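This is upload.cif. It holds mmCIF, C-alpha atoms.
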data_structure
loop_
_atom_site.group_PDB
_atom_site.id
_atom_site.type_symbol
_atom_site.label_atom_id
_atom_site.label_comp_id
_atom_site.auth_asym_id
_atom_site.auth_seq_id
_atom_site.Cartn_x
_atom_site.Cartn_y
_atom_site.Cartn_z
ATOM 1 C CA MET C 1 77.076 166.397 -26.216
ATOM 2 C CA LYS C 2 77.389 164.521 -22.954
ATOM 3 C CA THR C 3 76.599 166.683 -19.940
ATOM 4 C CA GLU C 4 75.411 164.216 -17.323
ATOM 5 C CA ILE C 5 77.223 163.946 -14.018
ATOM 6 C CA ASP C 6 78.674 160.467 -14.545
ATOM 7 C CA PHE C 7 81.479 160.544 -11.989
ATOM 8 C CA LYS C 8 81.747 160.600 -8.217
ATOM 9 C CA VAL C 9 81.772 164.090 -6.705
ATOM 10 C CA LYS C 10 84.494 163.998 -4.057
ATOM 11 C CA VAL C 11 83.343 165.895 -0.968
ATOM 12 C CA ILE C 12 84.784 166.923 2.398
ATOM 13 C CA LEU C 13 82.984 168.557 5.327
ATOM 14 C CA VAL C 14 84.511 171.091 7.720
ATOM 15 C CA ASP C 15 82.656 172.232 10.851
ATOM 16 C CA ASP C 16 83.768 172.494 14.468
ATOM 17 C CA GLU C 17 80.350 171.203 15.608
ATOM 18 C CA PRO C 18 80.209 167.357 15.355
ATOM 19 C CA LEU C 19 76.403 167.394 15.319
ATOM 20 C CA ALA C 20 76.358 169.766 12.316
ATOM 21 C CA LEU C 21 78.744 167.430 10.487
ATOM 22 C CA LYS C 22 76.444 164.476 11.157
ATOM 23 C CA VAL C 23 73.452 166.347 9.709
ATOM 24 C CA ILE C 24 75.254 167.085 6.416
ATOM 25 C CA GLU C 25 76.656 163.549 6.313
ATOM 26 C CA SER C 26 73.176 162.075 6.692
ATOM 27 C CA TYR C 27 71.873 164.275 3.860
ATOM 28 C CA LEU C 28 74.729 163.290 1.538
ATOM 29 C CA GLU C 29 74.509 159.559 2.223
ATOM 30 C CA GLY C 30 71.209 159.284 0.369
ATOM 31 C CA LEU C 31 72.551 160.900 -2.820
ATOM 32 C CA GLU C 32 74.094 159.187 -5.815
ATOM 33 C CA ASN C 33 77.404 160.331 -7.330
ATOM 34 C CA ILE C 34 78.635 161.648 -3.955
ATOM 35 C CA GLU C 35 81.706 160.312 -2.174
ATOM 36 C CA ILE C 36 82.512 161.726 1.278
ATOM 37 C CA LEU C 37 86.310 161.640 1.514
ATOM 38 C CA ALA C 38 86.702 163.064 5.018
ATOM 39 C CA THR C 39 85.175 165.255 7.728
ATOM 40 C CA PHE C 40 87.046 167.756 9.892
ATOM 41 C CA THR C 41 86.312 169.772 13.024
ATOM 42 C CA ASP C 42 89.622 171.627 12.557
ATOM 43 C CA ALA C 43 90.068 173.969 9.570
ATOM 44 C CA ILE C 44 93.873 173.740 9.711
ATOM 45 C CA LYS C 45 93.756 169.944 9.342
ATOM 46 C CA ALA C 46 91.300 170.409 6.483
ATOM 47 C CA PHE C 47 93.730 172.816 4.807
ATOM 48 C CA THR C 48 96.503 170.200 4.974
ATOM 49 C CA TYR C 49 94.184 167.569 3.508
ATOM 50 C CA LEU C 50 93.144 169.885 0.664
ATOM 51 C CA GLN C 51 96.789 170.466 -0.276
ATOM 52 C CA GLN C 52 97.333 166.738 -0.711
ATOM 53 C CA ASN C 53 94.047 165.479 -2.182
ATOM 54 C CA LYS C 54 91.715 166.306 -5.057
ATOM 55 C CA VAL C 55 88.378 167.555 -3.723
ATOM 56 C CA ASP C 56 85.444 168.653 -5.896
ATOM 57 C CA LEU C 57 83.108 170.134 -3.290
ATOM 58 C CA LEU C 58 83.667 171.508 0.205
ATOM 59 C CA PHE C 59 80.919 172.046 2.797
ATOM 60 C CA LEU C 60 82.376 174.676 5.068
ATOM 61 C CA ASP C 61 81.406 176.355 8.330
ATOM 62 C CA ILE C 62 82.611 179.930 8.930
ATOM 63 C CA GLN C 63 82.964 180.463 12.685
ATOM 64 C CA MET C 64 85.787 178.139 13.760
ATOM 65 C CA PRO C 65 88.793 178.605 16.070
ATOM 66 C CA MET C 66 92.297 179.393 14.749
ATOM 67 C CA LEU C 67 91.249 179.590 11.087
ATOM 68 C CA ASN C 68 87.714 180.477 10.022
ATOM 69 C CA GLY C 69 86.026 179.231 6.857
ATOM 70 C CA LEU C 70 86.525 182.354 4.751
ATOM 71 C CA GLU C 71 90.194 182.522 5.733
ATOM 72 C CA LEU C 72 90.531 178.888 4.666
ATOM 73 C CA ILE C 73 89.182 179.701 1.195
ATOM 74 C CA ARG C 74 91.589 182.625 0.849
ATOM 75 C CA THR C 75 94.599 180.492 1.765
ATOM 76 C CA MET C 76 93.991 178.115 -1.158
ATOM 77 C CA VAL C 77 95.421 178.898 -4.594
ATOM 78 C CA ASN C 78 92.858 176.744 -6.408
ATOM 79 C CA PRO C 79 90.002 175.993 -3.983
ATOM 80 C CA PRO C 80 87.281 173.452 -4.789
ATOM 81 C CA ALA C 81 83.646 174.486 -5.133
ATOM 82 C CA VAL C 82 82.380 175.650 -1.743
ATOM 83 C CA ILE C 83 78.965 175.548 -0.079
ATOM 84 C CA ILE C 84 78.904 177.554 3.154
ATOM 85 C CA THR C 85 77.027 176.125 6.164
ATOM 86 C CA THR C 86 76.701 178.663 8.969
ATOM 87 C CA ALA C 87 74.397 180.107 11.614
ATOM 88 C CA PHE C 88 75.437 183.678 10.733
ATOM 89 C CA ARG C 89 73.828 185.781 8.000
ATOM 90 C CA GLU C 90 76.357 188.605 8.019
ATOM 91 C CA TYR C 91 79.031 186.810 6.000
ATOM 92 C CA ALA C 92 76.868 186.204 2.900
ATOM 93 C CA VAL C 93 78.180 189.075 0.736
ATOM 94 C CA GLU C 94 81.803 188.346 1.609
ATOM 95 C CA SER C 95 81.233 184.655 0.876
ATOM 96 C CA PHE C 96 79.757 185.241 -2.575
ATOM 97 C CA ASP C 97 82.668 187.577 -3.345
ATOM 98 C CA LEU C 98 84.777 184.432 -2.910
ATOM 99 C CA ASP C 99 82.643 182.640 -5.534
ATOM 100 C CA VAL C 100 80.938 180.152 -3.222
ATOM 101 C CA ILE C 101 78.208 178.027 -4.806
ATOM 102 C CA ASP C 102 75.650 178.633 -2.056
ATOM 103 C CA TYR C 103 75.170 179.952 1.481
ATOM 104 C CA LEU C 104 73.147 177.699 3.806
ATOM 105 C CA LEU C 105 71.865 178.984 7.126
ATOM 106 C CA LYS C 106 71.584 176.567 10.041
ATOM 107 C CA PRO C 107 69.388 174.757 10.864
ATOM 108 C CA ILE C 108 69.509 173.415 7.302
ATOM 109 C CA SER C 109 66.453 171.592 5.990
ATOM 110 C CA PHE C 110 66.884 168.684 3.595
ATOM 111 C CA GLU C 111 64.822 170.524 0.947
ATOM 112 C CA ARG C 112 67.119 173.574 1.101
ATOM 113 C CA PHE C 113 70.146 171.307 1.072
ATOM 114 C CA LEU C 114 68.959 169.595 -2.130
ATOM 115 C CA LYS C 115 68.536 172.969 -3.838
ATOM 116 C CA SER C 116 72.143 173.717 -3.013
ATOM 117 C CA ILE C 117 73.317 170.414 -4.493
ATOM 118 C CA GLN C 118 71.313 171.161 -7.630
ATOM 119 C CA LYS C 119 73.052 174.543 -7.891
ATOM 120 C CA TYR C 120 76.388 172.770 -7.779
ATOM 121 C CA TYR C 121 75.355 170.301 -10.497
ATOM 122 C CA ARG C 122 74.044 173.135 -12.710
ATOM 123 C CA THR C 123 77.304 175.022 -12.289
ATOM 124 C CA ILE C 124 79.569 172.144 -13.282
ATOM 125 C CA SER C 125 77.234 171.186 -16.156
ATOM 126 C CA LYS C 126 77.473 174.703 -17.588
ATOM 127 C CA GLU C 127 81.237 174.746 -17.152
ATOM 128 C CA PHE C 128 81.380 171.390 -18.980
ATOM 129 C CA LYS C 129 79.269 172.748 -21.829
ATOM 130 C CA ASN C 130 81.455 175.854 -22.104
ATOM 131 C CA SER C 131 84.644 173.821 -22.289
ATOM 132 C CA GLU C 132 83.141 171.484 -24.901
ATOM 133 C CA ILE C 133 82.045 174.430 -27.013
ATOM 134 C CA GLU C 134 85.502 175.970 -26.871
ATOM 135 C CA LYS C 135 87.032 172.642 -27.958
ATOM 136 C CA HIS C 136 84.715 172.319 -30.948
ATOM 137 C CA GLU C 137 84.550 175.906 -32.151
ATOM 138 C CA SER C 138 84.306 176.042 -35.920
ATOM 139 C CA LYS C 139 84.073 178.687 -38.621
ATOM 140 C CA ASN C 140 81.016 176.815 -39.900
ATOM 141 C CA GLU C 141 78.963 177.514 -36.772
ATOM 142 C CA PRO C 142 75.789 179.550 -37.420
ATOM 143 C CA LYS C 143 76.252 183.290 -37.077
ATOM 144 C CA ALA C 144 72.551 184.227 -37.162
ATOM 145 C CA ILE C 145 69.128 183.115 -36.027
ATOM 146 C CA PHE C 146 65.901 182.993 -38.074
ATOM 147 C CA VAL C 147 62.791 184.176 -36.233
ATOM 148 C CA LYS C 148 59.207 184.754 -37.270
ATOM 149 C CA GLU C 149 57.373 188.051 -36.789
ATOM 150 C CA ASN C 150 53.752 187.863 -37.921
ATOM 151 C CA LYS C 151 54.087 185.753 -41.084
ATOM 152 C CA LYS C 152 57.546 186.875 -42.142
ATOM 153 C CA MET C 153 60.882 185.228 -41.332
ATOM 154 C CA PHE C 154 63.769 187.503 -40.295
ATOM 155 C CA LYS C 155 67.439 186.617 -40.266
ATOM 156 C CA LEU C 156 69.070 188.290 -37.260
ATOM 157 C CA ALA C 157 72.861 188.295 -37.248
ATOM 158 C CA PHE C 158 74.259 187.532 -33.791
ATOM 159 C CA ASP C 159 76.708 190.447 -33.985
ATOM 160 C CA LYS C 160 73.830 192.901 -34.577
ATOM 161 C CA ILE C 161 71.719 191.875 -31.577
ATOM 162 C CA LYS C 162 71.954 194.498 -28.807
ATOM 163 C CA TYR C 163 69.947 192.526 -26.226
ATOM 164 C CA ILE C 164 66.812 190.387 -25.981
ATOM 165 C CA GLU C 165 63.822 191.129 -23.788
ATOM 166 C CA SER C 166 60.987 188.875 -22.626
ATOM 167 C CA LEU C 167 57.374 189.997 -23.164
ATOM 168 C CA LYS C 168 55.455 187.164 -21.448
ATOM 169 C CA ASP C 169 54.852 184.695 -24.311
ATOM 170 C CA TYR C 170 56.935 186.765 -26.736
ATOM 171 C CA VAL C 171 60.496 188.006 -27.006
ATOM 172 C CA ARG C 172 61.739 191.283 -28.449
ATOM 173 C CA PHE C 173 65.071 191.364 -30.258
ATOM 174 C CA HIS C 174 66.702 194.784 -30.028
ATOM 175 C CA THR C 175 69.091 194.962 -32.996
ATOM 176 C CA ASN C 176 71.158 197.566 -34.800
ATOM 177 C CA ASP C 177 68.603 197.701 -37.626
ATOM 178 C CA LYS C 178 65.175 197.259 -36.018
ATOM 179 C CA ASN C 179 63.273 195.588 -33.205
ATOM 180 C CA VAL C 180 61.691 192.222 -33.984
ATOM 181 C CA ILE C 181 59.001 190.596 -31.818
ATOM 182 C CA CYS C 182 58.250 186.900 -32.133
ATOM 183 C CA LYS C 183 56.297 184.304 -30.186
ATOM 184 C CA MET C 184 58.850 182.225 -28.311
ATOM 185 C CA SER C 185 59.783 181.409 -24.725
ATOM 186 C CA MET C 186 63.062 182.539 -23.226
ATOM 187 C CA VAL C 187 63.967 178.904 -22.500
ATOM 188 C CA GLU C 188 63.466 177.951 -26.150
ATOM 189 C CA LEU C 189 65.521 180.937 -27.239
ATOM 190 C CA GLU C 190 68.351 180.100 -24.819
ATOM 191 C CA ASN C 191 68.616 176.675 -26.426
ATOM 192 C CA ARG C 192 68.911 178.220 -29.890
ATOM 193 C CA LEU C 193 71.588 180.774 -29.057
ATOM 194 C CA PRO C 194 75.322 179.915 -28.823
ATOM 195 C CA ILE C 195 76.296 179.707 -25.149
ATOM 196 C CA ASP C 196 79.714 181.245 -25.852
ATOM 197 C CA GLN C 197 78.099 184.446 -27.253
ATOM 198 C CA PHE C 198 74.972 184.998 -25.173
ATOM 199 C CA MET C 199 73.992 184.650 -21.534
ATOM 200 C CA ARG C 200 70.713 184.921 -19.657
ATOM 201 C CA VAL C 201 71.147 187.236 -16.673
ATOM 202 C CA HIS C 202 67.514 187.771 -15.687
ATOM 203 C CA ARG C 203 64.181 186.041 -16.306
ATOM 204 C CA SER C 204 63.445 188.890 -18.740
ATOM 205 C CA TYR C 205 66.832 189.484 -20.406
ATOM 206 C CA ILE C 206 69.437 187.708 -22.541
ATOM 207 C CA ILE C 207 72.510 189.707 -23.490
ATOM 208 C CA PRO C 208 75.424 189.366 -25.956
ATOM 209 C CA ILE C 209 78.607 188.818 -23.936
ATOM 210 C CA LYS C 210 80.797 190.950 -26.205
ATOM 211 C CA ARG C 211 78.613 194.056 -25.606
ATOM 212 C CA ILE C 212 79.230 194.082 -21.837
ATOM 213 C CA GLN C 213 80.969 197.324 -20.844
ATOM 214 C CA ALA C 214 80.827 197.057 -17.048
ATOM 215 C CA PHE C 215 79.030 195.132 -14.332
ATOM 216 C CA SER C 216 78.297 195.130 -10.612
ATOM 217 C CA ALA C 217 76.679 192.603 -8.297
ATOM 218 C CA SER C 218 73.228 193.828 -9.367
ATOM 219 C CA SER C 219 73.460 195.006 -12.994
ATOM 220 C CA ILE C 220 75.319 194.894 -16.311
ATOM 221 C CA ASN C 221 76.039 197.936 -18.472
ATOM 222 C CA LEU C 222 75.562 197.580 -22.228
ATOM 223 C CA PRO C 223 76.100 200.525 -24.611
ATOM 224 C CA GLU C 224 72.354 201.166 -24.809
ATOM 225 C CA ILE C 225 70.959 200.098 -21.437
ATOM 226 C CA LYS C 226 71.689 198.927 -17.901
ATOM 227 C CA ILE C 227 70.350 195.368 -17.475
ATOM 228 C CA PRO C 228 69.460 194.076 -13.973
ATOM 229 C CA ILE C 229 70.876 190.738 -12.798
ATOM 230 C CA GLY C 230 68.064 188.554 -11.459
ATOM 231 C CA ASN C 231 68.466 186.853 -8.092
ATOM 232 C CA THR C 232 67.989 183.410 -9.669
ATOM 233 C CA TYR C 233 70.792 184.083 -12.160
ATOM 234 C CA LYS C 234 73.137 186.086 -9.920
ATOM 235 C CA LEU C 235 75.495 183.338 -8.802
ATOM 236 C CA ILE C 236 76.184 181.758 -12.198
ATOM 237 C CA THR C 237 76.250 185.174 -13.953
ATOM 238 C CA LEU C 238 78.852 186.658 -11.601
ATOM 239 C CA LYS C 239 80.943 183.476 -11.671
ATOM 240 C CA ARG C 240 80.935 183.490 -15.468
ATOM 241 C CA LEU C 241 81.721 187.209 -15.735
ATOM 242 C CA LYS C 242 84.651 186.861 -13.343
ATOM 243 C CA PHE C 243 85.864 183.846 -15.360
ATOM 244 C CA LEU C 244 85.745 185.884 -18.593
ATOM 245 C CA LEU C 245 87.907 188.590 -17.008
ATOM 246 C CA LYS C 246 90.718 186.149 -16.126
#

File written out as structure tokens:
Amino acid sequence: MKTEIDFKVKVILVDDEPLALKVIESYLEGLENIEILATFTDAIKAFTYLQQNKVDLLFLDIQMPMLNGLELIRTMVNPPAVIITTAFREYAVESFDLDVIDYLLKPISFERFLKSIQKYYRTISKEFKNSEIEKHESKNEPKAIFVKENKKMFKLAFDKIKYIESLKDYVRFHTNDKNVICKMSMVELENRLPIDQFMRVHRSYIIPIKRIQAFSASSINLPEIKIPIGNTYKLITLKRLKFLLK
């Protein structure tokens, strides 16, 4: 399955401070697969541009005259991916409620900026994988996983797994029948589980999507347990959960 970013990411920048725009521009110019379409110091002009052009990624300031950054996002029916660039911390929660990719505080270092770009690439790669899986769903797909506990192999049906827990170098499968512990990393296990049925929400937990009963910004309720959402996984987890509810 092809998941590489093999197209130009079309980007625009919106900030009422010309110097801030130049900083982001200079960071982007050294990156491959990025095409800066336009820069704006006026959010209203940016809104008009967005209505008439396809944009993949928007770098957006918040505090601007006439129309602020968060208001701009709300005015769009189908906004592009957004990375906030601001000097103000207090808008972070509201921004993530609007599904922004990342929240960068000025002054923005190049290292922090690169992490934000990587978040964007990870997000669109996962969305690509999800869409490809949905296109190629088949009744012949595996419905169980074989794992080894001590010297015995166990077949664990996906629909009987309650949740999976990390124990350092081991993982524990909580199932309807019994708990099974095997030596395996969470990364290895993620690669063996179907992405349309399971999701990793914490460095220590993988959960079956169909068992989710409720969720908040910090945790997910399963029938048996409340699972915390790890900070590293929060953005992609909440974006995916909100997508599943549509």

**Item:** CA of Ile62 in chain C to CA of Asp15 in chain C, distance in Å rounded to a single decimal
**Value:** 7.9 Å

**Message:** Applying the PyMOL selection byres ((chain C and resi 74) around 12) to the file I just gave you, which residues come out? Please list them as a VMD selection string.
**Reply:** chain C and resid 47 67 to 73 75 to 80 82 94 to 95 97 to 100

**Message:** Just want the 10 Å neighbourhood of range 101-118 of chain C, counted on all atoms listed in the file, with same-chain residues fewer than 6 positions away dropped. Output as a PyMOL selection string.
**Reply:** chain C and resi 20+23-24+26-28+31+57-61+81-89+91-93+95+235-236+239

**Request:** May I have the residues at most 12 Å from (81.1, 190.8, -24.6) in the file's coordinates, counting all atoms listed in the file, as a PyMOL selection string?
**Result:** chain C and resi 158-159+161-163+196-199+207-215+220-223+240-241+244-245

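Shortest separation to Lys183 in chain C among C:Thr123, C:Asn150, C:Thr237, C:Thr48 occurs at residue C:Asn150, atoms counted being only C-alpha atoms.
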
**Prompt:** Which is closer to Lys22 in chain C than all the others in C:Ile145, C:Ile229, C:Ile36, C:Met153, using only C-alpha atoms?
**Reply:**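 Ranked by minimum distance to Lys22 in chain C, first place goes to C:Ile36.
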
The centre and edge lengths of an axis-aligned box containing all atoms of range 96-104 of chain C present in the file, extended by 3 Å on each side, are to be given in Å to one decimal, as lines of an AutoDock Vina configuration file.
center_x = 79.0
center_y = 182.6
center_z = -0.9
size_x = 17.6
size_y = 15.9
size_z = 15.3

**Message:** Starting from the PyMOL selection byres ((chain C and resi 203) around 10), expand the selection into actual residues of this file and give them as a VMD selection string.
**Reply:** chain C and resid 165 to 166 186 to 187 200 to 202 204 to 206 228 to 233

Write to file, as a PDB file, in the coordinates of the input, the residues of the selection just made, with C-alpha atoms.
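Final output, selection-v6.pdb:
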ATOM      1  CA  GLU C 165      63.822 191.129 -23.788  1.00  0.00           C
ATOM      2  CA  SER C 166      60.987 188.875 -22.626  1.00  0.00           C
ATOM      3  CA  MET C 186      63.062 182.539 -23.226  1.00  0.00           C
ATOM      4  CA  VAL C 187      63.967 178.904 -22.500  1.00  0.00           C
ATOM      5  CA  ARG C 200      70.713 184.921 -19.657  1.00  0.00           C
ATOM      6  CA  VAL C 201      71.147 187.236 -16.673  1.00  0.00           C
ATOM      7  CA  HIS C 202      67.514 187.771 -15.687  1.00  0.00           C
ATOM      8  CA  SER C 204      63.445 188.890 -18.740  1.00  0.00           C
ATOM      9  CA  TYR C 205      66.832 189.484 -20.406  1.00  0.00           C
ATOM     10  CA  ILE C 206      69.437 187.708 -22.541  1.00  0.00           C
ATOM     11  CA  PRO C 228      69.460 194.076 -13.973  1.00  0.00           C
ATOM     12  CA  ILE C 229      70.876 190.738 -12.798  1.00  0.00           C
ATOM     13  CA  GLY C 230      68.064 188.554 -11.459  1.00  0.00           C
ATOM     14  CA  ASN C 231      68.466 186.853  -8.092  1.00  0.00           C
ATOM     15  CA  THR C 232      67.989 183.410  -9.669  1.00  0.00           C
ATOM     16  CA  TYR C 233      70.792 184.083 -12.160  1.00  0.00           C
TER      17      TYR C 233
END

**Item:** CA of Leu21 in chain C to CA of Leu37 in chain C, distance in Å rounded to a single decimal
**Value:** 13.1 Å

**Point-to-point distance from CA of Val9 in chain C to CA of Ile34 in chain C, Å rounded to tenths** = 4.8 Å

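With distances taken over all atoms listed in the file, C:Met184 is the one residue among C:Ala38, C:Met184, C:Leu189, C:Ile227 lying closest to Lys148 in chain C.
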
**Message:** Please determine, counting all atoms listed in the file, which residue among C:Leu238, C:Lys119, C:Phe40, C:Thr175 has the shortest atom-to-atom distance to Phe96 in chain C.
**Reply:** C:Leu238

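Residue nearest Leu50 in chain C, chosen from C:Glu25, C:Glu35, C:Val147, C:Ile12 and counting all atoms listed in the file: C:Ile12.
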